[in-house]
Structure formats: structure tokens, C-alpha cells
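One structure below.
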Number of protein chains: 2
Amino acid sequence: MEGVEFGHSLKLEKQLNFIIELDKVKNIFRKTKLFDSNRFENDAEHSWTVSIMAVLLKEYSNFEVDIEKVIIMLLLHDVVEIDAGDTFLYSAGRNEAAEREEKAANRIFGLLETEQKELFISLWKEFEERETNEAKFASVFDRLEPLIQNYLTEGYTWKKHNITYEMVLKKNKHIKDGSEEIWNFVLLLLQKAVEKGYLQKE
Amino acid sequence: MEGVEFGHSLKLEKQLNFIIELDKVKNIFRKTKLFDSNRFENDAEHSWTVSIMAVLLKEYSNFEVDIEKVIIMLLLHDVVEIDAGDTFLYSAGRNEAAEREEKAANRIFGLLETEQKELFISLWKEFEERETNEAKFASVFDRLEPLIQNYLTEGYTWKKHNITYEMVLKKNKHIKDGSEEIWNFVLLLLQKAVEKGYLQKE
């Protein structure tokens, strides 16, 4: 794909070509369907929804957070999938994916000049490591959205991949580290999902 | 579409049902195609791209801006199109659209409790009015993205709807109010578009 290179301002043009590169996540599809189940969701749409969730639900954070940082993390957290692809949360290949994703982060953010490159790589790593308050809170929404998507699509992805209630608990329990209140909601949602037959216990 | 209503926390469940409602913009398609031209872009994807643009390009703002506010405006500016539909920038129906969009803002943000409802309606109006620094800067990206999309798709939307260079200048010149630097880039992009035959002068 052609970019924009007019020799006007090298820095601005690099930044715009980075934006053009990011557009590829609009063709990276996730394993979960939209809330109304009419099709799979792509990474750009997912990132938009979880960013709004963080703005709207910041009152439920376990601690004070820099919400601007949370939003930037969420806007950018999945762009590594341009190179690394979408790896299913419950798949055995999650560890190898981490290596592919780091390489991707270096290539993609490396399209920018040093200062922004380093800033975004560092925010991306911070999100992945889930150690800071901002990363813990951002991670709540990365996990909450697919749980609600599964509930509203009658367990579509859970059923398709034989995901059990226990597996969902194990892979999502760190929601509690970011928001006790939202984790309590998730426990109720999962209980309802079991009652309705969307999710099976082992 | 079913929502989430478990009687756990009325406020949280209202907020999540608002998020579920917003998902409908993923099926509202714009008049412009993705940078790689393989299909039309939807409103959620557009909002994601322009939000990242604001983060990445904030150094080019004509003035100091509260970037968190800019991002929130951009994340939410198009959700009114759930009810009002996408109105083409150059169409004669832009004035009637404003009325439909205001009604939509009241209904959609009205799904939230008073405090957040009023906050988001006020941010949405601020964006539409383009009087504050944040609204002026946010508006730069709402206009910049389709200009680059048109350039990279060899003038797809311009040609299809007989849009001239003069019309583009007139409808986009307020980019300069938010960023002189980006407006200078746009002038160059439009000049190249004319040279390449993507856009006609009157």
C-alpha cells in the first residue's frame, strides 16, 4: 500500500504512515462475535469499545488511575496482531505468541521516531505485564468485553471451543486486581451463563 | 437485542447496556473506504483511528489542549449516527442532520444516569460547535482521516460524488483552526491529488 510521502515534514509523514500501517488491524478478526452476534469483531472495533468502557466505568477502579494512560494503552494494545495475528486466550500457543508480539511491537512502533517509538513500546509492555494500576485497570476491559459478547451470543465461543466455567474463571480472575466491583458482576454473569446452558462446569 | 440485567448493580448494568447499544455503530458505514480500499469503513473503526491520530499528533496543536478530553470527544462523536445515520459531508442535508443528531444524542446518552448523560451530551455538543481548543483540535482528525483515505484510494469518494478541489477546501479549511501544521500538509496532499487526477478543480 502506498503511503503519504510528499517531502513536506518527514516526521509528520512518518507518523501518518504509521497510522496507515495500523489500519491493518481492521482486517484482524477476533474469536468472539459482536454483541448482536451478526459477525466476528475486528481488533480496531474491540479497541474502540474497551477504550470507551474505561472512560465510562473508571469509578469502579480499585485505585486512582491516570485514565489518559489507560485509554492510550487500550487504543494500541492489539496493534501487534498485525504481524502476530489474534491468539485465542485459551489456546496452548499463548507463550509463543508473546514472542511474536514483542517482535511485532518493535517493528510497528519502530516506524516512528525514537521518542514516540520508545513511549509506545513501553506502554504496550506495561499493559502486557499487568503490574501497574493503569495496566491492571485497562486489562479489566480487555477481558470484560468478550465475556459479555459470549453471554449475549449464548456462549458462542465457549461452546465452539469447549471452554468450561473453570477455564473462564482461571483466565479472567485478574479482573479482580483492577476492579472488585466489576469482578463481582462477572461472577454473576458467569453464574447466569451456566444456568442458561451457555457455559458448562467441569 | 438482550442486555445484561441481573439486578446486581442498576448503575453498572445501565452503563453496560449503554456500551451494548453503542455497538450498533459497527454497522454504520461511512462514504469513504479504508486506506487499502478493500471496503467501506464503519464508524467505530473511524473513531478508533482518529483517537489514535490525536494522541500521536498532539504536538501539532495550535494551542495547549487537554488531550484526554480530545480523545473522549473523538471516541464518542459519531454514536449519534446510530439513530441519525451517516450524512455525507458535502450533502445538502447537513442542516436537517444536525436536528436528527441532537435528538439521537438525547436518546443514546439518556440511557445513562444524569451525571454521565449530561457530561457526554455536553462533550458531544462542544465537539459539534468547534469553539473550544479541544473541539477545534479534535475536529482536525475527523477531517484528516477521510482526506488521506481519498488520496490513497485515488479519489474514490471525490470522483463518485463529483467533489471538486474548491469544495474540499471550503469544507475542511477549519483544520487550520486546530493545527496550522496539519493544514499545510493537507494543502500539499490536495495539490498532489489534483496533479494525479484524483480531484478536479472547478
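In the C-alpha cells, chains take the letters A, B, ... in the order shown, each chain's residues start at 1, and ligands count up from 1 in the order shown.
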
Non-local contacts of Val55 (chain A) (12 Å; only C-alpha atoms; under 5 positions in same chain excluded) as a count of residues only: 29

Neighbours of chain B in chain A at 7 Å, counting only C-alpha atoms, as number ranges by chain: A: 1-2, 8, 20, 35-36, 44-45, 48, 52, 68, 75, 152, 185

Mind dumping the selected residues with C-alpha atoms as a PDB file, in the first residue's frame?
```
ATOM      1  CA  MET A   1       0.000   0.000   0.000  1.00  0.00           C
ATOM      2  CA  GLU A   2       1.210   3.459  -0.934  1.00  0.00           C
ATOM      3  CA  HIS A   8       6.825  18.249   3.486  1.00  0.00           C
ATOM      4  CA  ILE A  20      -1.868   3.925   7.728  1.00  0.00           C
ATOM      5  CA  PHE A  35     -22.954  -8.267  20.939  1.00  0.00           C
ATOM      6  CA  ASP A  36     -25.728  -8.709  18.380  1.00  0.00           C
ATOM      7  CA  ALA A  44      -9.990  -1.875  15.839  1.00  0.00           C
ATOM      8  CA  GLU A  45     -13.621  -2.245  16.893  1.00  0.00           C
ATOM      9  CA  TRP A  48     -12.701   1.290  20.471  1.00  0.00           C
ATOM     10  CA  ILE A  52     -14.992   3.734  25.942  1.00  0.00           C
ATOM     11  CA  GLU A  68      -5.478   9.067  29.734  1.00  0.00           C
ATOM     12  CA  LEU A  75      -6.255   2.039  21.889  1.00  0.00           C
ATOM     13  CA  LEU A 152     -25.129 -12.249  24.640  1.00  0.00           C
ATOM     14  CA  PHE A 185     -20.562  -8.522  38.182  1.00  0.00           C
TER      15      PHE A 185
END
```

Backbone DSSP call of helix (DSSP H, G or I) for region 41-156 of chain A, listed as a short mmCIF file (atom, residue, chain, number, x, y, z; two decimals) with C-alpha atoms, in the first residue's frame:
```cif
data_model
loop_
_atom_site.label_atom_id
_atom_site.label_comp_id
_atom_site.auth_asym_id
_atom_site.auth_seq_id
_atom_site.Cartn_x
_atom_site.Cartn_y
_atom_site.Cartn_z
CA ASP A 43 -9.32 -5.57 16.58
CA ALA A 44 -9.99 -1.88 15.84
CA GLU A 45 -13.62 -2.25 16.89
CA HIS A 46 -12.60 -4.13 20.04
CA SER A 47 -10.09 -1.42 20.94
CA TRP A 48 -12.70 1.29 20.47
CA THR A 49 -15.21 -0.46 22.72
CA VAL A 50 -12.76 -1.20 25.54
CA SER A 51 -11.47 2.40 25.44
CA ILE A 52 -14.99 3.73 25.94
CA MET A 53 -15.58 1.17 28.69
CA ALA A 54 -12.57 2.51 30.60
CA VAL A 55 -13.82 6.11 30.33
CA LEU A 56 -17.35 5.20 31.33
CA LYS A 58 -13.49 4.46 35.79
CA GLU A 59 -15.43 4.92 39.04
CA TYR A 60 -15.10 1.14 39.59
CA ILE A 67 -7.24 7.44 32.70
CA GLU A 68 -5.48 9.07 29.73
CA LYS A 69 -2.74 6.45 30.03
CA VAL A 70 -5.33 3.67 30.39
CA ILE A 71 -7.07 4.80 27.20
CA ILE A 72 -3.84 5.06 25.19
CA MET A 73 -2.87 1.53 26.30
CA LEU A 74 -6.26 0.21 25.23
CA LEU A 75 -6.25 2.04 21.89
CA LEU A 76 -2.89 0.49 21.00
CA GLU A 81 -1.62 -8.57 15.98
CA ILE A 82 -0.98 -7.03 12.56
CA ASP A 83 2.11 -9.25 12.48
CA ALA A 84 1.38 -11.79 15.21
CA ARG A 94 -0.16 -18.15 24.18
CA ASN A 95 3.50 -18.28 25.20
CA GLU A 96 4.91 -18.44 21.69
CA ALA A 97 2.51 -15.65 20.79
CA ALA A 98 4.18 -13.39 23.36
CA GLU A 99 7.48 -13.68 21.49
CA ARG A 100 5.88 -12.94 18.11
CA GLU A 101 4.06 -9.98 19.64
CA GLU A 102 7.23 -8.44 21.06
CA LYS A 103 8.89 -8.65 17.66
CA ALA A 104 5.80 -7.05 16.13
CA ALA A 105 5.83 -4.22 18.67
CA ASN A 106 9.42 -3.44 17.73
CA ARG A 107 8.68 -3.39 14.02
CA ILE A 108 5.39 -1.46 14.15
CA PHE A 109 6.24 1.18 16.76
CA THR A 114 12.74 7.34 18.72
CA GLU A 115 10.80 9.28 21.35
CA GLN A 116 7.34 8.07 20.35
CA LYS A 117 8.63 4.61 19.47
CA GLU A 118 10.01 4.16 22.97
CA LEU A 119 6.94 5.65 24.63
CA PHE A 120 4.53 3.32 22.84
CA ILE A 121 6.66 0.20 23.24
CA SER A 122 6.91 0.95 26.91
CA LEU A 123 3.13 1.46 27.25
CA TRP A 124 2.50 -1.75 25.33
CA LYS A 125 4.85 -3.71 27.63
CA GLU A 126 3.31 -2.12 30.71
CA PHE A 127 -0.11 -3.29 29.56
CA GLU A 128 1.14 -6.82 28.89
CA GLU A 129 2.84 -7.11 32.28
CA ASN A 133 -2.53 0.24 38.41
CA GLU A 134 -3.18 1.54 34.90
CA ALA A 135 -2.33 -1.81 33.30
CA LYS A 136 -4.48 -3.71 35.80
CA PHE A 137 -7.43 -1.45 35.18
CA ALA A 138 -7.01 -1.48 31.37
CA SER A 139 -6.89 -5.26 31.43
CA VAL A 140 -10.33 -5.42 33.09
CA PHE A 141 -11.94 -4.21 29.85
CA ASP A 142 -9.85 -6.32 27.51
CA ARG A 143 -11.40 -9.28 29.34
CA LEU A 144 -14.85 -7.93 30.17
CA GLU A 145 -15.88 -7.25 26.58
CA PRO A 146 -15.52 -10.86 25.32
CA LEU A 147 -17.28 -12.20 28.44
CA ILE A 148 -20.35 -10.06 27.70
CA GLN A 149 -20.09 -10.92 24.00
CA ASN A 150 -20.16 -14.61 24.90
CA TYR A 151 -23.09 -14.15 27.24
CA LEU A 152 -25.13 -12.25 24.64
CA TYR A 156 -20.92 -18.90 21.04
#
```

CA of Leu190 (chain B) to CA of Glu113 (chain A), straight-line distance in Å: 25.6 Å

All residues 7 Å or closer to Gln200 (chain B), only C-alpha atoms, same chain fewer than 6 positions away omitted, as a list in words: Thr164, Tyr165 and Val194 of chain B

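Here the strand (DSSP E or B) residues in region 18-154 of chain B, by DSSP on the backbone, are Phe29, Arg30, Lys31, Thr32, Lys33, Phe40, Glu41 and Asn42 of chain B.
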
Can I get the selection written as a CSV table (one decimal), in the first residue's frame, with N, CA, C and O atoms?
```csv
chain,number,residue,atom,x,y,z
B,29,PHE,N,-21.9,2.4,8.1
B,29,PHE,CA,-20.8,2.6,7.2
B,29,PHE,C,-20.7,4.0,6.7
B,29,PHE,O,-21.7,4.6,6.4
B,30,ARG,N,-19.5,4.5,6.5
B,30,ARG,CA,-19.2,5.8,6.0
B,30,ARG,C,-19.1,5.8,4.5
B,30,ARG,O,-19.2,4.8,3.9
B,31,LYS,N,-18.9,7.0,4.0
B,31,LYS,CA,-18.8,7.1,2.5
B,31,LYS,C,-17.4,6.8,2.0
B,31,LYS,O,-17.1,6.7,0.8
B,32,THR,N,-16.4,6.8,2.9
B,32,THR,CA,-15.0,6.6,2.5
B,32,THR,C,-14.5,5.1,2.8
B,32,THR,O,-15.0,4.5,3.7
B,33,LYS,N,-13.6,4.7,2.0
B,33,LYS,CA,-13.0,3.4,2.1
B,33,LYS,C,-11.8,3.4,3.0
B,33,LYS,O,-11.1,4.4,3.1
B,40,PHE,N,-15.6,-0.2,2.7
B,40,PHE,CA,-16.0,1.0,3.4
B,40,PHE,C,-15.7,0.8,4.9
B,40,PHE,O,-15.6,-0.3,5.4
B,41,GLU,N,-15.5,2.0,5.5
B,41,GLU,CA,-15.1,2.0,6.9
B,41,GLU,C,-16.4,2.2,7.8
B,41,GLU,O,-17.3,2.9,7.4
B,42,ASN,N,-16.4,1.6,9.0
B,42,ASN,CA,-17.6,1.8,9.8
B,42,ASN,C,-17.2,2.9,10.9
B,42,ASN,O,-16.0,3.2,11.1
```

Separation of CA of Arg39 (chain A) from CA of Lys160 (chain A), in Å and rounded to one decimal: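 That distance, rounded to one decimal, is 14.7 Å.
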
Residues within 9 Å of Asn172 (chain B), only C-alpha atoms, excluding chain neighbours under 2 positions, as a ChimeraX atom specification: /B:140,143-144,167-170,174-176,183
